[in-house]
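Take a look at the structure below.
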Amino acid sequence: MSFEIIASNLLSGVLWGGILALIALGLSIVLGVMRLINLAHGEIMVAGAYCALVIGSLTGLDPLIALPLIAAIMVVVAVPLQQLLLAPLAGKGAEAPMMTTFAVSLILQNLFLVGFSADTRSIGQGYSTQPFSIGPISVPLIYVLGFVISVGIIGAVYLLVNRSAFGRDLRASALDPVAAASVGVNVRRVHALTFGLGAACAATGGVLVGIALSFTPTTGAAYLLTSFAIVVLGGMGSIFGTLVAGIVLGVIQSIGALVLGDGFRDLVGLVLFLAVLAVRPAGLFGRRT
Amino acid sequence: MKSDGQKNVPAIETRGLTKRYGGLVAVEDLSISFPKGEISGVIGPNGAGKSTLIGLIGGALAPSAGEVIYYGEDISKLPAPERARLGIGRTYQLPRPFLDMSVRENLQVALFSKSPLMSRREAAARTNQVLEQTGLAGAGNIAARNLPLLRRKRLEVARALMLDPKLLLLDEVGAGLVDHEIDELIALIHALNDGTRSILIIEHVIRVVRECCKQLAVLNFGKKLAAGPTQEILNDDNVAAVYLGAAHRTDPAAAGVATLTSARRKAKPDRATLLQLSGVSAGYGQARVLDNISMRVGEGEVVAVLGSNGAGKTTLANVIAGSLAPSAGKLEFGGEDVTRLSGDKLFSRGLAHCMEGRRIFPELTVEENLKIALRGDARRQTAQRLEEIYTLFPVLAERRNSMGTALSGGQLQMLAIGRALISKPRLVIFDEISLGLAPVVMDQLYAALANLRDSGLTMLVIEQDVERALELADGAYVLKQGRIVLSGDAASLSRNPSLRDIYLGEKS
Amino acid sequence: MMQENSLGRSMAHPLTGSVAPALIVAVFAAAFMTPGLLGNYEVEIAYRLMLYICLAEAWNLLAGYGGLVSLGSAAFVGVGAYAFTSALNAFGVPPIVGLLLAGLAGGVFAVLVSPAVFRMRGLYFTVGTLALGEALRLFMVNVPWFGGSRGLFLDADFPSREALFWWALGLLALSQFLITVYTRTRLSIILRSVRDDEDAAAQLGVRIYRVKLVAFVVASMLMGMGGGLQAYKLGAVEPYGMFGLPWSIDILSMVVIGGLGLRYGALVGAFFVITLAELLADYPEAHIVVTGLVLALVVRFAPRGVCGLVIDNWKRRRSETRGSEREVQP
């Protein structure tokens with residue numbers, strides 16, 4: 001194997017990892033703040049991709065330009081969904097909300113199937129296949145764009161969480177919801193908005209995946225598990241850790257695909273996930289479990 | 001040590017036992033032993049490390065350092081199930097029955113896990129015997145979920161007895177019981193002491209301790225304060241001081257000041273009502289903690305809520321602050337019915353709650369912890385409000401960028417107080433702010449509260465330290481078993497002899 | 001609900017609780033033996049019903065009685081299916097031995113993965129088993145062994161419809177026997193104590209890990225045998241189908257809809273979901289959407305499923321006529 005191929009693969013792994021980190025960030029925030037394992041996270045991501053597809057065919061808008069619009073649509077859809085389905089289950093244990101998200105994932109998956117058929121789709125754009133070269137190293141341009149956008153959004157989320165008043169409420173609600181309510185934080189509202197934020201992260205990530213690769217109604221499950229792997233590796237609630245873990249996983253997937261064959265891409269991530277869980281169990285997930 | 005002979009080997013002994021949670025030391029270098037075949041007790045104020053000690057002996061908690069020796073055998077490394085099989089049975093302070101199982105099944109867990117092949121007849125006989133013994137005879141087939149609190153407590157004891165324990169650890173089985181129930185409990189404990197079984201009781205109900213225990217140890221701040229024969233320990237002034245919080249009031253001059261202040265406070269005219277509770281009851285699940293509470297706090301008044309552990313003080317604070325919905329009765333704040341409002345809505349109406357245990361957000365900085373309580377329009381005055389709090393507690397200004405975890409207990413409490421004050425509330429509930437703090441720090445905090453009182457802040461002070469609270473307050477309510485048993489102005493209450501009885505349980 | 005005697009409910013002889021399960025098995029057998037009652041289509045449905053009842057009973061034991069909510073059932077079904085096919089192909093063993101080996105393979109696989117998955121508690125166990133199932137599927141698709149993504153063909157004669165029915169009935173009987181033993185004896189008390197409160201159970205001498213492992217192995221053996229039988233029926237195995245997530249989803253949906261942790265929850269749920277699937281057979285996507293909706297509604301409004309609704313209604317009606325059975329507070 002030539003140096004160029006290895007270097008290109010490593011670089012694309014890093015860039016791809018940035019996009020994975022963005023998707024995982026949504027899962028991580030929801031898990032950290034609401035203690036909710038959102039099994040519909042993968043479907044929400046795929047929903048973002050279909051959303052871009054529809055917007056593209058209706059308006060001809062470039063999916064990258066439409067990203068803010070898609071994110072906004074996801075928030076508008078996800079927030080009422082949370083209030084309708086999940087908020088009433090507060091205080092009924094952790095299993096009931098998780099089962100509900102599982103039901104939501106089934107429903108969404110099959111709505112996609114009805115609406116868009118089982119065909120493999122891709123949000124084709126001029127830059128989807130265009131290469132980006134630095135000397136002998138060459139990666140798809142969309143990977144570079146996707147990485148820049150993802151890291152940009154992750155940075156913005158970091159600022160939102162760590163510098164804004166809403167972020168303060170969010171962190172306080174995650175640490176101690178009762179005490180947060182006692183200093184005036186509307187924890188229910190924080191939860192709804194957190195769910196919306198998580199959905200927006202997943203959906204924008206989904207659009208990038210849709211441009212860079214392809215998707216089907218059932219693509220979500222693999223990304224859900226990859227996201228879990230990243231959350232476990234990076235530590236729940238740590239935004240910086242999520243980014244680093246995403247990049248690490250992206251590189252490992254790239255190496256796995258290069259050495260073992262493309263089919264092993266997701267398997268490598270899952271094996272790593274199980275290994276980490278077995279060696280460092282709930283400790284990595286958080287304090288209360 | 002080994003040469004003492006089998007006779008003198010203690011049932012349980014700890015050597016240099018230490019348990020840390022992060023920076024907090026719950027039990028520190030504790031070396032203590034309890035004789036076999038006898039009933040011993042451990043007492044101490046809230047947060048002294050008593051339940052942690054039970055956890056360390058029972059195996060639910062792993063020690064940070066030190067050893068646990070059980071009948072001469074080091075069991076520090078054994079997991080909880082193996083300790084149970086060696087004969088250590090424990091109860092939980094808050095009962096943890098297997099809710100979806102019948103009482104009989106709850107009992108048989110221990111039986112069948114230890115001897116799965118026991119004959120049907122023998123198992124039934126053992127179960128029935130323990131049900132009989134613990135007064136649950138008629139309740140065998142009821143789901144544990146449907147048991148009221150008292151019977152859940154009995155179930156805790158019954159379940160542990162099914163292990164046929166050589167050492168029985170009873171964690172506050174008397175809390176929340178009424179007098180005749182306590183009589184029954186004492187009789188039960190005596191019946192369990194068959195001469196070979198050792199029993200270790202952790203208890204706030206002093207009567208249980210006095211009438212059951214031969215030996216007594218007192219814990220304070222995770223350390224052994226005193227140990228010896230029960231009567232000797234209970235008559236010790238230091239021990240009484242730990243309970244009543246009078247450790248700092250030994251010099252008569254200070255006591256004189258206290259009377260003076262009280263006299264001055266008494267002269268205040270009647271004020272407009274700010275908070276009014278009418279017939280409020282509340283509880284958790286099946287357990288009713290508060291029963292028909294009516295009280296009022298006037299504008300600018302300082303009202304204390306007193307009572308021993310488990311009397312329902314903190315539950316009352318949670319109900320008033322909106323974190324627990326009452327099951328009956330009515331709450332009015334500033335003339336508005338707020339019975340059904342949640343905590344954040346009450347906060348926005350000017351009711352701040354400085355919660356028990358401080359509840360500082362550990363991963364937020366000191367300044368963020370303060371800023372989070374500034375909401376809406378108040379955010380525009382952030383700098384000024386922060387300055388006011390920093391003036392009150394200068395040490396917080398020095399540590400404004402430290403994380404919540406990096407502060408000492410006293411600093412954390414100052415931060416909690418600051419967080420409750422920064423929104424300029426109309427009423428602040430201070431729940432047990434002196435808990436686990438050194439006397440000198442308590443003095444500082446109470447001096448700060450006295451200043452706030454003089455500036456006209458309305459306060460509801462929940463406190464175990466009777467003397468401090470009465471010195472600060474205009475009036476007080478005394479809770480016992482979820483009911484108000486005494487109330488009145490601070491000066492007359494502090495002269496009332498039955499107050500000490502309520503705390504040390506002298507009155508039967 | 002159950003008969004009282006001097007020994008108490010939990011001491012009731014296991015036989016008294018096995019009448020209803022035996023009756024269920026008998027009903028299937030009787031229906032099949034009544035000439036002209038079941039056509040080919042009905043036999044096919046009955047086979048599927050019995051297979052899924054068996055799988056759902058196994059999952060209910062694990063999740064409902066043991067608190068181990070797994071989304072990795074497909075892994076054990078798949079392992080059983082491959083073990084059955086490989087055993088018949090390689091050694092030419094008779095199907096009964098193949099099925100036993102499939103069960104054994106499921107159990108052994110459970111033992112192998114237990115150190116990893118049992119380190120995760122509660123929800124993390126669920127996610128861990130989901131990852132386990134998916135990892136195994138991807139593994140089977142990608143490695144060249146076991147036929148890779150194309151799978152294996154079974155070198156054995158296709159069983160007749162009748163034979164399959166009897167095999168499924170046997171499996172159903174076995175599952176009913178095992179679950180009855182597990183839920184009617186002292187084993188169930190130990191298992192439920194672990195589900196309700198692991199820490200409190202440990203303090204009563206229950207060796208948590210061992211108790212969970214035994215339930216996990218028993219459930220996995222049943223799932224392995226179910227997979228083996230399905231492989232026998234299909235005559236071929238391939239990783240997408242035998243290790244596919246739909247197994248895990250269907251089994252979970254059945255039990256949650258029927259009543260998690262209730263003795264007849266799996267049975268009722270399997271009837272419900274399979275009937276629904278047949279009614280909506282022409283609209284497969286709508287079927288899953290409706291299943292999802294029912295699942296969400298059940299979680300929200302009937303946490304103890306259809307069985308729970310019936311039991312609660314019945315209790316309410318009985319207490320209205322006979323007064324509350326709850327003891328009066330002292």
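Convention: chains lettered A, B, ... in structure tokens order; per-chain residue numbering from 1; ligands numbered from 1 as shown.
Any residue of chain B with an atom within 6 Å of chain C counts; using only C-alpha atoms, that gives Ala80, Pro81, Ala84, Arg85, Phe98, Val109, Ala110, Ser113 and Ala124 of chain B.
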Please produce a file of the residues just selected, as a PDB file, in the first residue's frame, where the atoms kept are N, CA, C and O atoms.
ATOM      1  N   ALA B  80     -20.976  -7.912  49.398  1.00  0.00           N
ATOM      2  CA  ALA B  80     -22.137  -7.911  50.291  1.00  0.00           C
ATOM      3  C   ALA B  80     -22.817  -9.284  50.421  1.00  0.00           C
ATOM      4  O   ALA B  80     -23.139  -9.695  51.538  1.00  0.00           O
ATOM      5  N   PRO B  81     -23.064 -10.013  49.317  1.00  0.00           N
ATOM      6  CA  PRO B  81     -23.775 -11.288  49.490  1.00  0.00           C
ATOM      7  C   PRO B  81     -23.022 -12.261  50.385  1.00  0.00           C
ATOM      8  O   PRO B  81     -23.635 -12.985  51.178  1.00  0.00           O
ATOM      9  N   ALA B  84     -23.489 -11.324  53.939  1.00  0.00           N
ATOM     10  CA  ALA B  84     -24.827 -11.707  54.388  1.00  0.00           C
ATOM     11  C   ALA B  84     -24.846 -13.189  54.742  1.00  0.00           C
ATOM     12  O   ALA B  84     -25.433 -13.608  55.737  1.00  0.00           O
ATOM     13  N   ARG B  85     -24.158 -14.009  53.917  1.00  0.00           N
ATOM     14  CA  ARG B  85     -24.144 -15.444  54.163  1.00  0.00           C
ATOM     15  C   ARG B  85     -23.357 -15.798  55.424  1.00  0.00           C
ATOM     16  O   ARG B  85     -23.585 -16.831  56.033  1.00  0.00           O
ATOM     17  N   PHE B  98     -38.848  -5.303  48.208  1.00  0.00           N
ATOM     18  CA  PHE B  98     -39.071  -5.662  46.811  1.00  0.00           C
ATOM     19  C   PHE B  98     -40.549  -5.405  46.545  1.00  0.00           C
ATOM     20  O   PHE B  98     -41.409  -6.206  46.905  1.00  0.00           O
ATOM     21  N   VAL B 109     -36.551 -14.437  50.151  1.00  0.00           N
ATOM     22  CA  VAL B 109     -35.366 -14.166  49.337  1.00  0.00           C
ATOM     23  C   VAL B 109     -34.109 -14.641  50.067  1.00  0.00           C
ATOM     24  O   VAL B 109     -33.313 -15.424  49.549  1.00  0.00           O
ATOM     25  N   ALA B 110     -33.975 -14.198  51.315  1.00  0.00           N
ATOM     26  CA  ALA B 110     -32.786 -14.565  52.078  1.00  0.00           C
ATOM     27  C   ALA B 110     -32.756 -16.068  52.333  1.00  0.00           C
ATOM     28  O   ALA B 110     -31.711 -16.716  52.215  1.00  0.00           O
ATOM     29  N   SER B 113     -31.959 -18.027  49.074  1.00  0.00           N
ATOM     30  CA  SER B 113     -30.641 -17.799  48.509  1.00  0.00           C
ATOM     31  C   SER B 113     -29.589 -18.513  49.360  1.00  0.00           C
ATOM     32  O   SER B 113     -28.571 -18.961  48.856  1.00  0.00           O
ATOM     33  N   ALA B 124     -41.748 -22.778  55.224  1.00  0.00           N
ATOM     34  CA  ALA B 124     -42.989 -22.122  55.637  1.00  0.00           C
ATOM     35  C   ALA B 124     -42.973 -21.845  57.129  1.00  0.00           C
ATOM     36  O   ALA B 124     -43.390 -20.779  57.598  1.00  0.00           O
TER      37      ALA B 124
END
When DSSP is applied to the backbone of this structure, which of stretch 124-333 of chain B are assigned strand (DSSP E)? Write them out as a VMD selection string. chain B and resid 167 to 171 198 to 202 215 to 220 223 to 229 273 to 284 287 to 298 302 to 306 328 to 333
Neighbour list for stretch 178-194 of chain A as a PyMOL selection string, cut-off 9 Å, only C-alpha atoms, skip fewer than 6 positions in-chain: (chain A and resi 26+29-30+33-34+75+78-83+87+166+169-170+172) or (chain B and resi 321-323+342-348+351-355+358-361+372-375+419-420+423)
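All chain C residues having an atom within 7 Å of chain A, based on only C-alpha atoms, amount to C:Ala116, C:Val117, C:Arg119, C:Met120, C:Gly128, C:Ala131, C:Ala135, C:Leu138, C:Phe139, C:Asn142, C:Glu285, C:Ile288, C:Val289, C:Gly292, C:Leu293, C:Leu295, C:Ala296, C:Val299, C:Arg300.
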Run DSSP on the backbone and tell me which residues of stretch 17-78 of chain B come out as helix (DSSP H, G or I); list them as a ChimeraX atom specification. /B:50-58
So that I have them on file, write out the residues from the current selection with N, CA, C and O atoms, as a compact mmCIF listing (two decimals), in the first residue's frame.
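Result file follows (result39.txt):
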# COMPACT_ATOMS: atom_id res chain seq x y z
N LYS B 50 -23.13 7.81 60.31
CA LYS B 50 -23.68 6.59 60.91
C LYS B 50 -24.13 5.59 59.84
O LYS B 50 -23.77 4.42 59.88
N SER B 51 -24.90 6.07 58.87
CA SER B 51 -25.37 5.15 57.84
C SER B 51 -24.22 4.66 56.97
O SER B 51 -24.24 3.52 56.49
N THR B 52 -23.22 5.51 56.79
CA THR B 52 -22.03 5.08 56.05
C THR B 52 -21.37 3.92 56.77
O THR B 52 -20.93 2.95 56.14
N LEU B 53 -21.33 4.00 58.09
CA LEU B 53 -20.73 2.93 58.88
C LEU B 53 -21.47 1.61 58.64
O LEU B 53 -20.86 0.56 58.44
N ILE B 54 -22.80 1.68 58.64
CA ILE B 54 -23.61 0.48 58.37
C ILE B 54 -23.27 -0.08 56.99
O ILE B 54 -23.09 -1.28 56.81
N GLY B 55 -23.19 0.82 56.00
CA GLY B 55 -22.86 0.39 54.65
C GLY B 55 -21.49 -0.29 54.58
O GLY B 55 -21.32 -1.26 53.87
N LEU B 56 -20.55 0.24 55.33
CA LEU B 56 -19.20 -0.33 55.32
C LEU B 56 -19.17 -1.70 55.98
O LEU B 56 -18.45 -2.59 55.55
N ILE B 57 -19.96 -1.85 57.05
CA ILE B 57 -19.97 -3.15 57.73
C ILE B 57 -20.74 -4.17 56.89
O ILE B 57 -20.33 -5.32 56.74
N GLY B 58 -21.85 -3.74 56.30
CA GLY B 58 -22.69 -4.66 55.52
C GLY B 58 -22.11 -5.00 54.16
O GLY B 58 -22.54 -5.95 53.54
Do a neighbour search on A:Ala21 at 10 Å with only C-alpha atoms, toss out local chain neighbours closer than 6 positions, and write the hits as a list in words. Leu27, Ser28, Phe147, Ser150, Val151, Ile154, Cys201, Ala202, Gly205, Thr226, Ser227, Ile230, Val231, Gly234, Ile239, Phe240, Gly241, Thr242, Leu243, Val244, Ala245, Gly246, Ile247, Val248, Leu249 and Gly250 of chain A
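The space between atom CA of C:Arg161 and atom CA of C:Val19 spans 27.9 Å.
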